[in-house]
Structures are given as C-alpha cells and as structure tokens.
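> Just dropping this structure here.
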2 protein chains.
Amino acid sequence: MKKVRYGIIGIGNMGRSHAVELLDQVNGAELAAVCDSSPDALAWAKDRLPDNVQQFDQPEVLFKSGLIDAVIIATPHYDHPPLAIQAFDAGLHVLIEKPAGVYTKAVREMNARAAASDRVFGIMYNQRTNPLYQKLKELIASGELGEIRRTNWIITNWYRSQSYYNSGGWRATWAGEGGGVLLNQDPHQLDLWQWTTGLMPKRVRAFCHFGKYRDIEVEDDVTAYVEYENGATGLFVTTTGEAPGTNRFEVTGDRGKIVIEDDKLVFWRLRVPEPEFNASYNGGFGAPECWKCEVPVPAGHGEQHLGILKNFTNAILHGEQLIAPGEEGIKGLTLSNAMHLSAWEDDWADLPLDEDRFHELLQSKIATSKYKKKTDESRTLDVTGTH
Amino acid sequence: MKKVRYGIIGIGNMGRSHAVELLDQVNGAELAAVCDSSPDALAWAKDRLPDNVQQFDQPEVLFKSGLIDAVIIATPHYDHPPLAIQAFDAGLHVLIEKPAGVYTKAVREMNARAAASDRVFGIMYNQRTNPLYQKLKELIASGELGEIRRTNWIITNWYRSQSYYNSGGWRATWAGEGGGVLLNQDPHQLDLWQWTTGLMPKRVRAFCHFGKYRDIEVEDDVTAYVEYENGATGLFVTTTGEAPGTNRFEVTGDRGKIVIEDDKLVFWRLRVPEPEFNASYNGGFGAPECWKCEVPVPAGHGEQHLGILKNFTNAILHGEQLIAPGEEGIKGLTLSNAMHLSAWEDDWADLPLDEDRFHELLQSKIATSKYKKKTDESRTLDVTGTH
C-alpha cells in the first residue's frame with residue numbers, strides 16, 4: 001500500500017475538520033469518501049471537498065465499496081462501537097473519535113473484534129500529542145516523581161453556553177450522548193489522567209449535578225474522588241458552567257510534585273525522597289529540602305488531530321507505534337461510567353465496574369427521559385481551537 | 001481598667017509564644033501569671049519571664065487569685081471548653097487557642113456560658129489578620145464575585161515528620177487531641193473557608209485516612225467534599241504527609257474566580273456575570289470576556305498572634321470589635337467533626353451535625369485505642385513561623 005484511502009463517517013463538527021486535514025496535510029493519506037445521513041452535511045462536502053471524494057449516506061455501503069482502506073468514525077458516541085465492529089468485519093482499519101463509546105459493555109465488544117482482526121485500531125486522543133502531558137508521563141514512568149500519592153485535576157474551563165447545547169438535538173441527552181461534560185468535553189482529560197500516571201483507581205465516589213447550569217438532562221458539574229491500589233487518592237473536578245474556569249493537574253509523589261497549569265509544567269523536586277527524610281529527621285518541625293525545577297518542554301500543544309492522523313497513517317503504512325491505541329479508549333470511559341454509577345447510586349463504584357448495572361441504569365434514564373430540548377437542529381459549529 | 005492583667009494556662013509551644021509577646025508588645029496588656037502542671041514548663045517561665053509574673057500549677061487557683069482580668073487558654077484542645085467555662089464563672093475574659101474544642105457538644109456549652117456572661121470571648125484565629133483572606137472576604141461580601149459556586153481548598157503543605165508526632169504523647173491520639181491534621185493543623189483554614197465565603201455547607205462527604213503516612217492513630221490525609229444550600233460545592237484536601245504540598249484556595253462565583261496561592265490573590269473577573277452572558281449569547285462555542293485583575297493587597301501576613309492579642313485587649317479596654325469572636329470557633333470545628341463522622345460512617349454527614357453520634361463514636365475510638373506511641377515525652381518545640 002502506498003497511500004491509505006480514508007473514509008469518514010459523520011461529517012459534523014469533527015468530521016469536517018478531519019476531512020480538511022486529510023486533503024493535503026497527511027503524507028500517505030488520501031481522502032476517498034465521506035458518509036453522512038444528513039443532506040446538509042453532504043452538501044457541505046460537495047461544496048468544500050474535491051469532486052473525487054465520493055459521498056455515501058449509509059455506512060454499510062461505504063464499508064463494502066472497496067474504495068477505502070481505513071475509516072474515521074466521527075458520529076455521535078453511541079455509534080462508535082457498532083460502526084467500528086462493522087468496519088473491522090469489512091477488513092478496514094479504524095480510527096474512532098473520542099469517547100470510545102457510551103458504555104463499556106459495547107466498547108469491550110468493539111475491542112474484542114479489533115483484537116481478533118489484523119487491522120490497526122486507533123482513537124482520536126489528540127491531547128496525547130501535547131508535550132506537557134508527554135513530559136509528565138515520561139517523568140512519572142522514569143521514577144522522577146517516585147511513588148504517586150495524589151492526582152488532583154481541576155478541569156473546569158470547559159465553558160459551554162445554552163446556545164451550544166441548543167445547536168444539536170442529540171447534545172447533552174441520555175439518548176443522544178449518554179452523558180454531559182464527562183462524555184463530550186472530558187474524555188481527553190479522563191484519558192490523560194490515567195495515561196500520564198499509569199494508574200486506574202480501584203474505586204470511585206462521584207457527585208454529579210444534572211442540568212445545574214443549563215437546560216439539559218445530563219451532568220454539567222462533577223466532583224469525583226478516587227482511591228488507587230497503592231493508597232494514593234485523586235480528584236477530578238469538572239463543569240461546563242463556570243467561566244473562566246481552571247485547568248490545573250497536580251500529581252504528587254514521594255519525591256515531590258508536578259503541576260501543569262497555564263500551559264506550563266513545574267516540578268517541585270525533593271532533594272531526598274520524603275520517606276527517607278522522615279526516617280532520619282529528628283528536628284520536630286521541618287520538611288525536606290525542595291527545589292523548584294524548570295523542566296524543558298517543547299512549546300505549543302503538539303500536532304493534535306493532525307499528529308494522530310499522521311501517526312495512524314504511518315501505523316498502517318510502516319507499522320509505527322500508535323500514540324493512542326483504540327483499545328485504550330475503554331479506560332477513560334470506565335472512569336466516566338464509574339462516576340455516573342457512583343452518583344446515580346449515591347455510593348462507591350468499585351472497579352472492575354459492574355457494567356451490566358451501569359448499562360441497566362443508563363437505559364432507564366433514556367426510557368424515562370421527559371426531556372424536550374429547544375434546538376437549532378443540526379447546526380454545525382466551528383470547532384477551531386475547541387477540542 | 002487601664003491595663004488588662006493576663007494569665008496564661010498552658011505554657012507549651014503556643015503559651016510561651018503568647019507570654020513573650022504579652023511582655024512588651026501589646027499596649028494595655030500586662031502578663032500577670034502563668035499556669036502549667038508541668039514543672040519543666042514552670043522552670044521555663046522562671047527562667048524566661050520577669051519575677052513579677054506569678055506561677056500556678058492549678059487553673060482553678062489562678063482563676064480565683066484576683067490577679068488577672070483575662071485568661072489565655074493554650075492547653076491541649078479537650079481542656080479548652082471546661083477551662084473557659086470555669087474562667088467565665090470566675091468573671092474573667094477568655095481568649096482560647098484553636099481549635100475551640102474537640103467536639104461541638106462541649107463547645108456549644110462553652111458558647112452558652114460565654115453568652116450568659118458579660119465578658120469578652122475570643123479565639124486565636126490569627127490567620128484572620130492575614131490581608132489576603134481579609135481581602136477575599138471583603139470582595140465576596142461586597143458582591144464582586146457574585147453568587148458563589150465553588151470553594152476548593154487544597155491545603156497539603158502542613159508537612160509533619162514522625163519526629164514531630166513523637167515530641168508529645170498527647171499529639172495525634174484520640175484521647176489527647178481527638179484527631180490529627182483536622183484538629184491540629186487545619187483549624188485556621190477550616191475557619192477561613194467559612195469566614196471568607198460566609199457559607200457553611202448543608203452536608204459533607206469526607207474520606208479520611210488514619211495513620212497513612214505516620215505511626216499515629218488519627219487522620220493524616222483527608223479529602224472532603226461539601227454541598228451548600230445554594231447549590232455550590234466545595235473541596236477541602238489536606239495532609240501532613242506530603243512535601244512540598246500546596247496551599248491553593250480557589251473560590252468561583254458567577255462573576256469570575258479568585259485564587260489565593262503563593263501569598264498572592266488573583267481575581268479573574270468576568271466583564272458581565274456568567275448568567276447574563278449565557279442568557280443573551282447565541283454563538284455556540286464561546287465564553288464571557290474575562291479580565292485578569294491585579295487587586296492590591298497589603299504585603300505580609302498581617303499581625304497574626306500579636307494582632308489578635310492587641311485586638312482582644314482593645315476589645316476589653318475600649319469595646320473594639322473582635323476580629324475572631326470565640327463563639328465562631330464552633331463553625332470550623334463543626335466542619336472537622338462532620339468530616340470525621342462522614343469518614344467513620346462512610347456516608348454523608350448532614351448539618352446541623354448529629355453531635356451526640358459524633359461524641360459517641362469519638363468516645364469509642366478513645367475507649368478502643370490500642371495505640372502506644374514512642375515519644376520524647378513533653379518536648380517543647382520552637383513554633384516560630386509554624387502557625
């Protein structure tokens with residue numbers, strides 16, 4: 001194969017952005033087809049994309065067309081696993097948008113089908129290309145921070161107005177998205193939280209507020225507390241209702257702390273690990289000597305979506321290692337499923353998650369939803385700089 | 001009265017500091033007597049204080065001596081309420097060290113006795129003299145921040161080594177202190193949390209870890225989540241086991257956010273309140289215009305203990321308004337009692353607190369304690385700059 005021929009399913013906000021990038025910014029990639037059930041979306045494609053990009057309105061027809069080698073699935077979240085499964089069955093490589101799905105039961109099936117295929121499976125965790133988080137992961141993995149004790153992320157700068165929610169009927173509904181800020185805005189941070197630290201919690205206690213700031217039925221404000229196997233704790237605090245909000249990720253280890261905030265990484269490094277200091281110190285008050293270290297991190301936010309598109313293409317063509325393997329999408333989704341379950345049951349959610357219980361409760365939310373939203377149906381928003 | 005004649009009960013770490021300050025730094029104050037059951041403490045007093053400062057080893061004898069007008073109670077926490085009650089009964093003005101006590105039942109009795117007297121009652125909340133927190137309180141009270149939505153305090157820089165805990169047998173035991181970081185280190189922040197915001201939660205869900213980092217039986221790591229009547233939420237995260245730790249207090253309102261960290265206050269001010277923006281905005285993505293405002297705050301940490309001693313003296317002599325009325329000590333203690341209760345019962349603790357239940361569980365912790373500490377018994381530590 002010299003070029004990967006791509007199809008994109010879902011020409012909404014993100015699909016359009018990927019389509020444009022694939023046109024001429026990714027070596028070895030060729031945009032061959034797009035697919036959307038909306039005539040408006042296809043009209044956009046006709047207007048904006050070259051004539052040789054074929055148009056489809058049914059995914060299964062695209063899958064069997066023989067026109068593509070790989071598919072990008074940028075549909076609403078629920079459709080990611082079933083469409084990915086169909087695509088694997090058709091022998092295609094698959095890159096899914098985040099989140100991997102809405103409930104882990106379905107994502108687990110998708111992962112099994114991917115594992116049974118010999119195709120490349122990726123997920124659009126574009127924030128993994130951000131040098132700040134890459135550096136954090138590397139510092140932790142190499143032991144610079146020692147054993148982790150605390151992982152607190154305040155990510156409250158996902159401001160969304162009512163106008164945003166009104167831009168699509170599927171947005172912020174149980175039936176349409178299966179959640180709010182946790183499913184739509186936070187998947188990147190939920191992934192980075194576990195990817196950088198290498199830790200998944202053993203249990204979660206979350207407090208979700210549903211439609212607190214906006215006329216929506218899903219959560220728009222969450223505080224979640226987690227406990228890890230090694231005794232460490234963590235927090236994840238998020239909302240779409242605050243401005244200007246905060247994006248501050250603090251990871252503490254027994255060798256100091258690292259804070260990522262305002263696009264900067266600062267490492268407060270203890271000269272000797274805390275347990276060592278504690279074992280030998282006999283002065284009463286007093287603390288380990290600490291150095292504020294300026295750790296070099298490349299400027300900018302990395303290649304983001306384009307970086308993932310290039311990497312996924314190179315993985316297919318040259319076996320390059322994936323930055324974001326699709327199978328890992330279940331981790332962040334497990335975190336948000338656990339937060340929802342904990343909040344709904346007003347109790348701890350243990351991991352491994354009771355996936356059947358989660359799915360059952362989600363279905364009952366959908367079934368009993370009385371929510372009718374006033375929308376500007378299927379309005380497409382400019383996503384430049386937002387994801 | 002021209003001068004307030006002071007007695008100090010408890011010449012340990014804090015008592016000694018107050019004694020030295022009262023000698024010549026507080027106009028209108030005179031150190032008349034000290035009282036301690038420890039011969040070592042009285043030996044210190046004989047060595048360090050002028051000969052005219054009388055010594056007592058029994059509080060009740062001091063109270064009835066006629067030598068003093070006011071008493072500072074700087075004993076271990078449990079003794080604050082019973083000693084204060086005796087002092088009010090003896091017609092004395094009373095200034096207690098923090099915390100007000102260990103359980104709110106006792107503090108409520110103390111407050112009732114204070115209210116029934118015509119004496120001045122203060123508490124050593126010296127952090128209320130810090131211009132940063134005074135400014136925060138003023139900004140919130142004057143409406144600059146609008147309605148409060150979130151109050152998150154990460155106060156994890158209370159590092160204490162095992163050596164510190166070994167310096168006194170009463171330290172960090174249920175019988176001796178009635179708690180750990182919440183009772184000894186955090187009372188200032190627990191007070192400022194409610195004092196600056198003017199808010200007490202309606203319920204608390206806390207996660208306490210006992211003896212996690214040190215060989216002690218009480219909590220040395222806490223994450224507490226709270227909900228307020230108006231829908232706002234808050235977090236209080238604290239430990240003595242981390243270095244360098246963090247002291248970051250973020251308060252969000254519908255007009256922006258204020259962060260106090262690194263001895264600086266920064267106000268991110270929305271040009272129009274968020275609800276107003278949201279009501280009129282129709283652009284999909286987009287957020288209210290926000291200004292980073294540099295608000296002038298006097299440098300330094302204020303007069304601290306000396307400021308409280310001066311203010312309390314002036315309250316007695318000239319009716320000056322108290323910075324920290326003693327009756328308000330119950331608020332911070334209610335917060336820590338609620339955190340303990342929530343953690344012990346692994347459930348929500350509603351406010352008003354079930355004080356009987358808390359007291360009952362505390363007593364059972366004391367009764368069933370099997371903890372024996374290796375200590376350097378009654379070693380007195382230099383507290384300069386630590387409180």
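FYI, nothing fancy with the structure tokens labels: chains A, B, ... in order, residues from 1 per chain, ligands from 1 as they appear.
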Find the residues of chain B in contact range of chain A, meaning any atom within 6 Å when counting only C-alpha atoms, and list them as a PyMOL selection string.
chain B and resi 161+163-164+278+282+284-285
> Segment 99-252 of chain A: which residues are strand (DSSP E) by DSSP, as a PDB file with N, CA and C atoms, in the first residue's frame?

```
ATOM      1  N   PHE A 121      -6.143  -0.134  14.915  1.00  0.00           N
ATOM      2  CA  PHE A 121      -7.282   0.450  15.638  1.00  0.00           C
ATOM      3  C   PHE A 121      -6.767   1.612  16.490  1.00  0.00           C
ATOM      4  N   GLY A 122      -7.262   2.800  16.189  1.00  0.00           N
ATOM      5  CA  GLY A 122      -6.812   3.976  16.927  1.00  0.00           C
ATOM      6  C   GLY A 122      -7.965   4.794  17.459  1.00  0.00           C
ATOM      7  N   ILE A 123      -7.666   5.679  18.385  1.00  0.00           N
ATOM      8  CA  ILE A 123      -8.686   6.595  18.919  1.00  0.00           C
ATOM      9  C   ILE A 123      -8.122   8.003  18.911  1.00  0.00           C
ATOM     10  N   ILE A 148       3.429   7.496  43.391  1.00  0.00           N
ATOM     11  CA  ILE A 148       2.390   8.525  43.342  1.00  0.00           C
ATOM     12  C   ILE A 148       1.492   8.475  44.569  1.00  0.00           C
ATOM     13  N   ARG A 149       1.165   9.665  45.080  1.00  0.00           N
ATOM     14  CA  ARG A 149       0.326   9.785  46.269  1.00  0.00           C
ATOM     15  C   ARG A 149      -0.988  10.503  46.003  1.00  0.00           C
ATOM     16  N   ARG A 150      -0.988  11.393  45.042  1.00  0.00           N
ATOM     17  CA  ARG A 150      -2.195  12.191  44.801  1.00  0.00           C
ATOM     18  C   ARG A 150      -2.223  12.626  43.347  1.00  0.00           C
ATOM     19  N   THR A 151      -3.402  12.569  42.754  1.00  0.00           N
ATOM     20  CA  THR A 151      -3.602  13.026  41.367  1.00  0.00           C
ATOM     21  C   THR A 151      -4.863  13.888  41.343  1.00  0.00           C
ATOM     22  N   ASN A 152      -4.699  15.199  41.434  1.00  0.00           N
ATOM     23  CA  ASN A 152      -5.861  16.095  41.501  1.00  0.00           C
ATOM     24  C   ASN A 152      -5.969  16.924  40.230  1.00  0.00           C
ATOM     25  N   TRP A 153      -7.043  16.730  39.507  1.00  0.00           N
ATOM     26  CA  TRP A 153      -7.235  17.523  38.284  1.00  0.00           C
ATOM     27  C   TRP A 153      -8.497  18.363  38.435  1.00  0.00           C
ATOM     28  N   ILE A 154      -8.289  19.677  38.386  1.00  0.00           N
ATOM     29  CA  ILE A 154      -9.423  20.610  38.315  1.00  0.00           C
ATOM     30  C   ILE A 154      -9.511  21.066  36.867  1.00  0.00           C
ATOM     31  N   ILE A 155     -10.562  20.623  36.195  1.00  0.00           N
ATOM     32  CA  ILE A 155     -10.703  20.949  34.756  1.00  0.00           C
ATOM     33  C   ILE A 155     -12.104  21.542  34.564  1.00  0.00           C
ATOM     34  N   ARG A 203     -11.519   2.315  43.255  1.00  0.00           N
ATOM     35  CA  ARG A 203     -12.913   2.694  43.479  1.00  0.00           C
ATOM     36  C   ARG A 203     -13.095   4.196  43.328  1.00  0.00           C
ATOM     37  N   VAL A 204     -14.343   4.576  43.086  1.00  0.00           N
ATOM     38  CA  VAL A 204     -14.688   5.948  42.708  1.00  0.00           C
ATOM     39  C   VAL A 204     -15.915   6.373  43.516  1.00  0.00           C
ATOM     40  N   ARG A 205     -15.862   7.614  44.027  1.00  0.00           N
ATOM     41  CA  ARG A 205     -17.049   8.183  44.671  1.00  0.00           C
ATOM     42  C   ARG A 205     -17.273   9.547  44.050  1.00  0.00           C
ATOM     43  N   ALA A 206     -18.354   9.658  43.280  1.00  0.00           N
ATOM     44  CA  ALA A 206     -18.546  10.873  42.492  1.00  0.00           C
ATOM     45  C   ALA A 206     -19.858  11.561  42.828  1.00  0.00           C
ATOM     46  N   PHE A 207     -19.861  12.853  42.592  1.00  0.00           N
ATOM     47  CA  PHE A 207     -21.011  13.699  42.884  1.00  0.00           C
ATOM     48  C   PHE A 207     -21.315  14.479  41.610  1.00  0.00           C
ATOM     49  N   CYS A 208     -22.359  14.053  40.930  1.00  0.00           N
ATOM     50  CA  CYS A 208     -22.722  14.682  39.663  1.00  0.00           C
ATOM     51  C   CYS A 208     -23.981  15.530  39.855  1.00  0.00           C
ATOM     52  N   HIS A 209     -23.985  16.679  39.218  1.00  0.00           N
ATOM     53  CA  HIS A 209     -25.175  17.529  39.229  1.00  0.00           C
ATOM     54  C   HIS A 209     -25.681  17.628  37.803  1.00  0.00           C
ATOM     55  N   PHE A 210     -26.943  17.353  37.648  1.00  0.00           N
ATOM     56  CA  PHE A 210     -27.548  17.212  36.316  1.00  0.00           C
ATOM     57  C   PHE A 210     -28.359  18.466  35.978  1.00  0.00           C
ATOM     58  N   GLU A 219     -25.261  15.540  33.240  1.00  0.00           N
ATOM     59  CA  GLU A 219     -24.414  16.239  34.221  1.00  0.00           C
ATOM     60  C   GLU A 219     -23.645  17.397  33.582  1.00  0.00           C
ATOM     61  N   ASP A 220     -23.646  18.533  34.295  1.00  0.00           N
ATOM     62  CA  ASP A 220     -22.801  19.648  33.857  1.00  0.00           C
ATOM     63  C   ASP A 220     -21.878  20.124  34.981  1.00  0.00           C
ATOM     64  N   ASP A 221     -21.817  19.335  36.054  1.00  0.00           N
ATOM     65  CA  ASP A 221     -20.935  19.677  37.177  1.00  0.00           C
ATOM     66  C   ASP A 221     -20.630  18.385  37.926  1.00  0.00           C
ATOM     67  N   VAL A 222     -19.340  18.088  38.079  1.00  0.00           N
ATOM     68  CA  VAL A 222     -18.934  16.811  38.688  1.00  0.00           C
ATOM     69  C   VAL A 222     -17.738  17.027  39.603  1.00  0.00           C
ATOM     70  N   THR A 223     -17.790  16.431  40.781  1.00  0.00           N
ATOM     71  CA  THR A 223     -16.599  16.273  41.611  1.00  0.00           C
ATOM     72  C   THR A 223     -16.462  14.785  41.891  1.00  0.00           C
ATOM     73  N   ALA A 224     -15.339  14.206  41.529  1.00  0.00           N
ATOM     74  CA  ALA A 224     -15.135  12.772  41.738  1.00  0.00           C
ATOM     75  C   ALA A 224     -13.858  12.536  42.532  1.00  0.00           C
ATOM     76  N   TYR A 225     -13.974  11.675  43.514  1.00  0.00           N
ATOM     77  CA  TYR A 225     -12.847  11.272  44.352  1.00  0.00           C
ATOM     78  C   TYR A 225     -12.525   9.824  44.039  1.00  0.00           C
ATOM     79  N   VAL A 226     -11.245   9.505  43.895  1.00  0.00           N
ATOM     80  CA  VAL A 226     -10.867   8.117  43.595  1.00  0.00           C
ATOM     81  C   VAL A 226      -9.769   7.646  44.544  1.00  0.00           C
ATOM     82  N   GLU A 227      -9.750   6.336  44.737  1.00  0.00           N
ATOM     83  CA  GLU A 227      -8.674   5.712  45.512  1.00  0.00           C
ATOM     84  C   GLU A 227      -7.983   4.662  44.646  1.00  0.00           C
ATOM     85  N   THR A 233      -4.679   8.826  46.337  1.00  0.00           N
ATOM     86  CA  THR A 233      -6.034   9.314  46.085  1.00  0.00           C
ATOM     87  C   THR A 233      -5.991  10.300  44.925  1.00  0.00           C
ATOM     88  N   GLY A 234      -7.160  10.609  44.412  1.00  0.00           N
ATOM     89  CA  GLY A 234      -7.221  11.564  43.329  1.00  0.00           C
ATOM     90  C   GLY A 234      -8.559  12.266  43.285  1.00  0.00           C
ATOM     91  N   LEU A 235      -8.577  13.387  42.572  1.00  0.00           N
ATOM     92  CA  LEU A 235      -9.808  14.155  42.387  1.00  0.00           C
ATOM     93  C   LEU A 235      -9.927  14.538  40.922  1.00  0.00           C
ATOM     94  N   PHE A 236     -11.153  14.580  40.467  1.00  0.00           N
ATOM     95  CA  PHE A 236     -11.447  15.076  39.117  1.00  0.00           C
ATOM     96  C   PHE A 236     -12.650  16.003  39.265  1.00  0.00           C
ATOM     97  N   VAL A 237     -12.423  17.270  39.003  1.00  0.00           N
ATOM     98  CA  VAL A 237     -13.444  18.292  39.207  1.00  0.00           C
ATOM     99  C   VAL A 237     -13.713  18.960  37.871  1.00  0.00           C
ATOM    100  N   THR A 238     -14.958  18.957  37.446  1.00  0.00           N
ATOM    101  CA  THR A 238     -15.210  19.457  36.089  1.00  0.00           C
ATOM    102  C   THR A 238     -16.596  20.075  35.980  1.00  0.00           C
ATOM    103  N   THR A 239     -16.718  21.010  35.075  1.00  0.00           N
ATOM    104  CA  THR A 239     -18.016  21.623  34.793  1.00  0.00           C
ATOM    105  C   THR A 239     -17.955  22.334  33.460  1.00  0.00           C
ATOM    106  N   ASN A 247      -7.767  24.912  34.634  1.00  0.00           N
ATOM    107  CA  ASN A 247      -7.238  23.629  34.171  1.00  0.00           C
ATOM    108  C   ASN A 247      -5.919  23.407  34.882  1.00  0.00           C
ATOM    109  N   ARG A 248      -5.966  22.685  35.967  1.00  0.00           N
ATOM    110  CA  ARG A 248      -4.789  22.503  36.827  1.00  0.00           C
ATOM    111  C   ARG A 248      -4.691  21.045  37.237  1.00  0.00           C
ATOM    112  N   PHE A 249      -3.621  20.401  36.821  1.00  0.00           N
ATOM    113  CA  PHE A 249      -3.403  18.987  37.112  1.00  0.00           C
ATOM    114  C   PHE A 249      -2.177  18.890  38.011  1.00  0.00           C
ATOM    115  N   GLU A 250      -2.403  18.418  39.213  1.00  0.00           N
ATOM    116  CA  GLU A 250      -1.316  18.296  40.185  1.00  0.00           C
ATOM    117  C   GLU A 250      -1.116  16.833  40.518  1.00  0.00           C
ATOM    118  N   VAL A 251       0.100  16.356  40.359  1.00  0.00           N
ATOM    119  CA  VAL A 251       0.426  14.976  40.718  1.00  0.00           C
ATOM    120  C   VAL A 251       1.527  15.015  41.775  1.00  0.00           C
ATOM    121  N   THR A 252       1.249  14.386  42.902  1.00  0.00           N
ATOM    122  CA  THR A 252       2.216  14.354  43.988  1.00  0.00           C
ATOM    123  C   THR A 252       2.786  12.951  44.113  1.00  0.00           C
TER     124      THR A 252
END
```
> Rank nothing, just name the residue among B:Leu335, B:Leu67, B:Ile308, B:Val272 nearest to Gln189 of chain B, using only C-alpha atoms.
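The answer is B:Leu335, which sits nearest to Gln189 of chain B.
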> Which residues, written as a tab-separated table (two decimals) with N, CA, C and O atoms, in the first residue's frame, have at least one atom at most 8 Å from segment 49-60 of chain A, with only C-alpha atoms counted and residues fewer than 6 positions away on the same chain left out?

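Heads up, here's the output in around.tsv:
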```
chain	number	residue	atom	x	y	z
A	9	ILE	N	-16.92	8.76	8.43
A	9	ILE	CA	-18.36	8.65	8.70
A	9	ILE	C	-18.73	9.70	9.73
A	9	ILE	O	-18.20	9.72	10.85
A	20	VAL	N	-10.76	18.06	6.05
A	20	VAL	CA	-9.92	19.13	5.52
A	20	VAL	C	-8.44	18.82	5.75
A	20	VAL	O	-7.61	19.02	4.86
A	31	LEU	N	-8.07	11.25	1.10
A	31	LEU	CA	-9.48	11.24	1.47
A	31	LEU	C	-10.28	10.72	0.27
A	31	LEU	O	-10.35	11.38	-0.77
A	32	ALA	N	-10.86	9.53	0.44
A	32	ALA	CA	-11.54	8.90	-0.70
A	32	ALA	C	-13.05	9.05	-0.64
A	32	ALA	O	-13.72	9.11	-1.68
A	33	ALA	N	-13.59	9.10	0.58
A	33	ALA	CA	-15.05	9.13	0.68
A	33	ALA	C	-15.50	9.71	2.00
A	33	ALA	O	-14.77	9.67	2.99
A	34	VAL	N	-16.70	10.24	2.00
A	34	VAL	CA	-17.34	10.68	3.24
A	34	VAL	C	-18.75	10.11	3.27
A	34	VAL	O	-19.32	9.78	2.22
A	35	CYS	N	-19.29	10.03	4.48
A	35	CYS	CA	-20.60	9.42	4.65
A	35	CYS	C	-21.36	10.15	5.74
A	35	CYS	O	-20.83	10.39	6.84
A	36	ASP	N	-22.57	10.54	5.44
A	36	ASP	CA	-23.40	11.17	6.46
A	36	ASP	C	-24.86	11.00	6.04
A	36	ASP	O	-25.17	11.01	4.84
A	37	SER	N	-25.74	10.84	7.02
A	37	SER	CA	-27.16	10.69	6.69
A	37	SER	C	-27.82	12.04	6.46
A	37	SER	O	-28.95	12.12	5.99
A	38	SER	N	-27.12	13.10	6.77
A	38	SER	CA	-27.71	14.43	6.64
A	38	SER	C	-27.40	15.05	5.28
A	38	SER	O	-26.23	15.20	4.91
A	42	LEU	N	-23.76	16.47	3.49
A	42	LEU	CA	-23.24	16.08	2.16
A	42	LEU	C	-23.15	17.29	1.24
A	42	LEU	O	-22.25	17.37	0.39
A	83	LEU	N	-20.39	0.73	14.64
A	83	LEU	CA	-19.80	1.05	13.34
A	83	LEU	C	-18.37	0.50	13.24
A	83	LEU	O	-17.97	-0.01	12.19
A	86	GLN	N	-18.58	-3.18	12.49
A	86	GLN	CA	-18.89	-3.39	11.06
A	86	GLN	C	-17.66	-3.16	10.19
A	86	GLN	O	-17.41	-3.88	9.23
```
> Just the residues within 8 Å of Gly101 of chain A, please, counting only C-alpha atoms, with nothing from its chain fewer than 3 positions along; format it as a count of residues only.
10
> Using only C-alpha atoms for the distances, tell me which of B:Val61, B:Leu353, B:Leu95, B:Ala172 is nearest to Lys331 of chain B.
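With only C-alpha atoms as the atom set, the closest residue is B:Leu353.
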> Quote the spacing between atom CA of Leu182 of chain B and atom CA of Thr334 of chain B in Å to one decimal place.
11.0 Å
> DSSP on the backbone: which residues in segment 13-239 of chain B end up as helix (DSSP H, G or I)? Give the answer as an NGL selection string.
:B and (13-24 or 39-48 or 59-63 or 77-89 or 104-116 or 126-129 or 131-141 or 162-165 or 181-184 or 187-197)
> Give me the residues within 10 Å of segment 325-327 of chain B as a PyMOL selection string, counting only C-alpha atoms and dropping any in the same chain fewer than 6 places off.
chain B and resi 94-98+100+107-108+110-112+114-115+120-125+312
> I'd like the neighbourhood of Arg5 of chain A as a list of chain:residue names, where a residue qualifies if any of its atoms comes within 8 Å (using only C-alpha atoms), though same-chain residues fewer than 2 positions away should be ignored.
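Listed by chain and then number, they are A:Lys3, A:Gly7, A:Ala29, A:Glu30, A:Leu31, A:Ala32, A:Leu67, A:Ile68, A:Asp69, A:Ala70.
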> Select, from A:Lys370, A:His340, A:Arg119, A:Lys264, the residue with the minimum atom-to-atom distance to Pro131 of chain A, counting only C-alpha atoms.
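Once distances to Pro131 of chain A are computed over only C-alpha atoms, the minimum belongs to A:Lys264.
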